[in-house]
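Engineer: The following block contains the structure, expressed as structure tokens.
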Amino acid sequence: MAYFTKKLILSSVICTFLMLSPTSYGQSSNAQDAPGTKQPNILFILADDLGKEWISAYGAQDISTPNIDELASQGIRFDNVWSHPQCTPSRVSLITGQYPYENGWVNHWDAPRWGQGYLDWQQNQSVAKVMQDAGYATVAAGKWQVNDFRIEPEAMSKHGFDDYAMWTGYETGVPESAERYWDPYIHTKKGSKTYPGEFGEDIFAGFLLNFIEQNKAQPWFAYFAMNLPHAPYTTTPHKTKLNSKLDKHKAMVEYADIILARMIDRLEEMGERENTIIIWTTDNGTNKSLVGTLNGRKVRGGKQKTTENGINSPFIISSPGLIPTGVVSDALIDFTDILPTFAELAKTNVPSGYKLDGQSFAPYILSRKSDSSRSSILSMGGMNEAQVSDRGIENKFTFRDRVIRDKRYKLYVNATQPLSYEKLVDLQADPQEKVNIINSKKPEVIAAKAALIKVAQAQPKRDNDPKYRKRQALAWDKPITVKSQVWKQ
């Protein structure tokens, strides 16, 4: 067994797992195949606020992540996968398969903290609902943040999850809800409460594994939106005596690595690893207060920035027997592609009439195509700037700045109409994006710029605001302008 697993505080963790044991589900009535189905299981793991400069598989030199590295060696390590630079825009894109200009989540919006807006299950498609309709047992654990469970306790079910254990997010007026690590405040079908003496990520991992054990007779989809290693920086079960922010950050990344090993070990014990596709990625870059060494150069965290350290996420896919091993890929993928890819893997379709921006990369990872179908990818957003008005959540910009790239060149598009183009960089020659070649006379640069401008011009000229049904105002709904980093995410 190549994976290195640390078995820690097992008695308390097992006790918590039993308390949170999910409901058992039988074979879904709308499953397309018999129990011997070829539909693969999918475990999607999303770390929070973590760039490549902290993953040794990508060349990070200030930390060791042996289990993530092993996962990469047993599958495909992608180099050109774009998220968005903030938490909720990335999450809503992967959930809905739409860019922020379509789904409206252009800026970070913390529903339980700020009230008013939420991800409406009636107006937005959900990757979990697509998988559920394909006959999958569906489960989620970790961070959600785009619904307020006080208002709608069953939001996760309505989005298509059979069971769930979620950190509530920071709920205004509920101080204990700020805790996501030690003594976490977690929402399940039984309600929201604190789990004294427990560590949140242990609870989430155990909950998911118990669900998988109980539902392995049918294909399953597990969404693990980790809190690690997002601030507040803390000690972990494997390192309980730390002082500095940097040491705590490193320990949190290491513990995310340990959790991965624990999950793979259990999947192998259950006989589920061979037919399970594991995707390990992150929602955006690291907090800008942290600096790591990546392949010999210092890289400052790029969260909230559309530079590569803010949006070019580590992205690893592995499945013995299904996915090629030892591959390093330059294929272009962005977070809108996740929903259609999972739909194709599940042998189902997104409902007709739904506006889908993403493109499936399933044929590529299953070796039916030599590259992804994309010639460009897009990311958008930056600093959080939105407000609540009588009309609901309104983004400050009617057209948010964005970036578009092919495999080599990257175009920065200003938040203006008519469109203006601020910067063009050659990522191959200038990975730190310091040299603006927007006015280059080289034929190959002129051609690349023209192609990227054509992509920009084909997009809507106005971004949507978040789409949701209005509800009665609550005590924590108040006019608010969200700027800079003055909130908890």
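Ordering of the structure tokens sets the chain letters (A, B, ...); residue numbers start at 1 within each chain; ligands are numbered from 1 in the order shown.
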Where in stretch 144-187 of chain A does DSSP assign strand (DSSP E), given as a list in words?

Structural biologist: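 Of stretch 144-187 of chain A, the ones in strand (DSSP E) are Asp163, Tyr164, Ala165, Met166, Trp167, Tyr185, Ile186 and His187 of chain A.
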
Engineer: Would you please extract all helix (DSSP H, G or I) residues from stretch 263-449 of chain A, as assigned by DSSP on the backbone, and give them as an MDAnalysis selection string?

Structural biologist: chainID A and resid 263:270 308:311 335:345 362:365 443:449

Engineer: With N, CA and C atoms retained, write the just-selected residues as a CSV table (one decimal), in the first residue's frame.

Structural biologist:
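Okay, this is what ended up in result-v9.csv:
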```csv
chain,number,residue,atom,x,y,z
A,263,MET,N,-9.3,8.3,3.1
A,263,MET,CA,-10.5,8.0,2.3
A,263,MET,C,-10.1,6.9,1.2
A,264,ILE,N,-8.9,7.1,0.6
A,264,ILE,CA,-8.5,6.0,-0.3
A,264,ILE,C,-8.4,4.7,0.3
A,265,ASP,N,-7.8,4.6,1.5
A,265,ASP,CA,-7.7,3.4,2.2
A,265,ASP,C,-9.0,2.7,2.4
A,266,ARG,N,-10.0,3.5,2.9
A,266,ARG,CA,-11.3,2.9,3.1
A,266,ARG,C,-12.0,2.5,1.8
A,267,LEU,N,-11.8,3.3,0.8
A,267,LEU,CA,-12.4,2.9,-0.5
A,267,LEU,C,-11.8,1.5,-1.0
A,268,GLU,N,-10.5,1.4,-0.8
A,268,GLU,CA,-9.9,0.1,-1.1
A,268,GLU,C,-10.4,-1.1,-0.3
A,269,GLU,N,-10.6,-0.8,1.0
A,269,GLU,CA,-11.2,-1.8,1.9
A,269,GLU,C,-12.6,-2.2,1.5
A,270,MET,N,-13.4,-1.3,1.0
A,270,MET,CA,-14.7,-1.5,0.6
A,270,MET,C,-14.8,-2.2,-0.8
A,308,GLU,N,-2.4,33.9,-12.6
A,308,GLU,CA,-2.4,32.4,-12.5
A,308,GLU,C,-2.4,31.9,-11.1
A,309,ASN,N,-1.7,32.6,-10.2
A,309,ASN,CA,-1.6,32.1,-8.8
A,309,ASN,C,-3.0,32.2,-8.1
A,310,GLY,N,-3.9,32.9,-8.7
A,310,GLY,CA,-5.3,33.1,-8.1
A,310,GLY,C,-6.3,32.1,-8.7
A,311,ILE,N,-6.1,31.7,-10.0
A,311,ILE,CA,-7.2,30.9,-10.7
A,311,ILE,C,-6.7,29.6,-11.3
A,335,PHE,N,-14.0,25.5,-14.6
A,335,PHE,CA,-14.9,24.9,-13.6
A,335,PHE,C,-16.3,24.7,-14.2
A,336,THR,N,-16.7,25.4,-15.3
A,336,THR,CA,-18.0,25.1,-15.9
A,336,THR,C,-18.1,23.8,-16.6
A,337,ASP,N,-16.9,23.1,-16.8
A,337,ASP,CA,-16.8,21.9,-17.5
A,337,ASP,C,-17.1,20.7,-16.6
A,338,ILE,N,-17.2,20.9,-15.3
A,338,ILE,CA,-17.3,19.8,-14.3
A,338,ILE,C,-18.7,19.2,-14.4
A,339,LEU,N,-19.8,19.9,-14.4
A,339,LEU,CA,-21.1,19.4,-14.5
A,339,LEU,C,-21.3,18.5,-15.8
A,340,PRO,N,-21.0,19.1,-17.0
A,340,PRO,CA,-21.3,18.2,-18.2
A,340,PRO,C,-20.4,17.0,-18.2
A,341,THR,N,-19.2,17.1,-17.6
A,341,THR,CA,-18.3,15.9,-17.6
A,341,THR,C,-18.9,14.8,-16.7
A,342,PHE,N,-19.3,15.2,-15.6
A,342,PHE,CA,-19.9,14.2,-14.7
A,342,PHE,C,-21.2,13.6,-15.3
A,343,ALA,N,-22.0,14.5,-16.0
A,343,ALA,CA,-23.2,13.9,-16.7
A,343,ALA,C,-22.8,12.9,-17.7
A,344,GLU,N,-21.8,13.1,-18.5
A,344,GLU,CA,-21.4,12.2,-19.5
A,344,GLU,C,-20.8,10.9,-18.8
A,345,LEU,N,-20.1,11.0,-17.8
A,345,LEU,CA,-19.6,9.9,-17.1
A,345,LEU,C,-20.7,9.0,-16.5
A,362,ALA,N,-14.9,14.4,-20.5
A,362,ALA,CA,-14.9,12.9,-20.2
A,362,ALA,C,-14.2,12.2,-21.4
A,363,PRO,N,-14.4,12.5,-22.6
A,363,PRO,CA,-13.7,11.7,-23.7
A,363,PRO,C,-12.2,11.8,-23.6
A,364,TYR,N,-11.7,12.9,-23.1
A,364,TYR,CA,-10.3,13.1,-23.0
A,364,TYR,C,-9.7,12.2,-21.8
A,365,ILE,N,-10.3,12.3,-20.7
A,365,ILE,CA,-9.8,11.5,-19.5
A,365,ILE,C,-9.9,10.0,-19.7
A,443,PRO,N,3.5,38.3,-35.7
A,443,PRO,CA,2.3,37.7,-36.3
A,443,PRO,C,1.6,36.7,-35.4
A,444,GLU,N,2.4,35.8,-34.8
A,444,GLU,CA,1.8,34.8,-33.9
A,444,GLU,C,1.0,35.4,-32.7
A,445,VAL,N,1.6,36.5,-32.2
A,445,VAL,CA,0.9,37.2,-31.1
A,445,VAL,C,-0.3,37.9,-31.6
A,446,ILE,N,-0.2,38.6,-32.7
A,446,ILE,CA,-1.4,39.3,-33.3
A,446,ILE,C,-2.5,38.3,-33.5
A,447,ALA,N,-2.2,37.1,-34.1
A,447,ALA,CA,-3.2,36.1,-34.3
A,447,ALA,C,-3.9,35.6,-33.0
A,448,ALA,N,-3.0,35.3,-32.0
A,448,ALA,CA,-3.6,34.8,-30.7
A,448,ALA,C,-4.5,35.9,-30.1
A,449,LYS,N,-4.0,37.1,-30.1
A,449,LYS,CA,-4.8,38.2,-29.6
A,449,LYS,C,-6.2,38.3,-30.3
```

Engineer: Between A:Arg391, A:Arg405, A:Lys303, A:Lys410, which is the closest to A:Pro466 once you count only C-alpha atoms?

Structural biologist: A:Arg391

Engineer: Got a sec: who's within 8 Å of A:Asn227, counting only C-alpha atoms, leaving out chain neighbours fewer than 4 positions off, as a list in words?

Structural biologist: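 What passes the distance filter is Ala47, Asp48, Gly142, Lys143, Arg180, Tyr181 and Glu201 of chain A.
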
Engineer: For the selection you just gave me, I'd like the residues written to a file as an mmCIF file, in the first residue's frame, keeping C-alpha atoms.

Structural biologist:
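Below is the file that was written, out_17.cif:
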```cif
data_model
loop_
_atom_site.group_PDB
_atom_site.id
_atom_site.type_symbol
_atom_site.label_atom_id
_atom_site.label_comp_id
_atom_site.auth_asym_id
_atom_site.auth_seq_id
_atom_site.Cartn_x
_atom_site.Cartn_y
_atom_site.Cartn_z
ATOM 1 C CA ALA A 47 -9.860 22.139 -0.983
ATOM 2 C CA ASP A 48 -10.364 25.771 0.052
ATOM 3 C CA GLY A 142 -18.043 20.337 4.192
ATOM 4 C CA LYS A 143 -18.549 23.910 3.037
ATOM 5 C CA ARG A 180 -15.579 25.039 11.261
ATOM 6 C CA TYR A 181 -12.514 23.211 12.607
ATOM 7 C CA GLU A 201 -12.751 17.505 8.551
#
```

Engineer: Quick one: residues within 9 Å of stretch 254-256 of chain A, only C-alpha atoms, excluding same-chain residues fewer than 4 positions away - as a VMD selection string?

Structural biologist: chain A and resid 47 63 to 66 201 226 228 to 229 236 to 239 249 to 250 260 to 261

Engineer: Convert the current residue selection to file output with C-alpha atoms, as a short mmCIF file (atom, residue, chain, number, x, y, z; two decimals), in the first residue's frame.

Structural biologist:
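Dumped to part-v2.cif:
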```cif
data_model
loop_
_atom_site.label_atom_id
_atom_site.label_comp_id
_atom_site.auth_asym_id
_atom_site.auth_seq_id
_atom_site.Cartn_x
_atom_site.Cartn_y
_atom_site.Cartn_z
CA ALA A 47 -9.86 22.14 -0.98
CA ILE A 63 5.87 21.34 2.10
CA SER A 64 5.35 17.64 1.38
CA THR A 65 1.98 16.27 0.22
CA PRO A 66 2.81 12.61 -0.45
CA GLU A 201 -12.75 17.51 8.55
CA MET A 226 -13.21 20.77 2.48
CA LEU A 228 -9.03 23.12 4.88
CA PRO A 229 -6.82 25.09 4.63
CA THR A 236 -4.88 20.00 13.52
CA PRO A 237 -5.25 16.53 15.06
CA HIS A 238 -1.77 15.57 13.86
CA LYS A 239 -0.09 18.79 15.05
CA HIS A 249 -1.22 26.69 7.31
CA LYS A 250 1.31 23.97 6.52
CA LEU A 260 -7.18 11.94 1.27
CA ALA A 261 -5.13 8.89 2.27
#
```

Engineer: Select, from A:Glu102, A:Asp406, A:Asp69, A:Asp79, the residue with the minimum atom-to-atom distance to A:Met380, counting only C-alpha atoms.

Structural biologist: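 When distances to A:Met380 are compared using only C-alpha atoms, the smallest one comes from A:Glu102.
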
Engineer: What gap, in Å, lies between atom CA of A:Thr194 and atom CA of A:Glu176?

Structural biologist: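 Here the two named atoms are 7.3 Å from each other.
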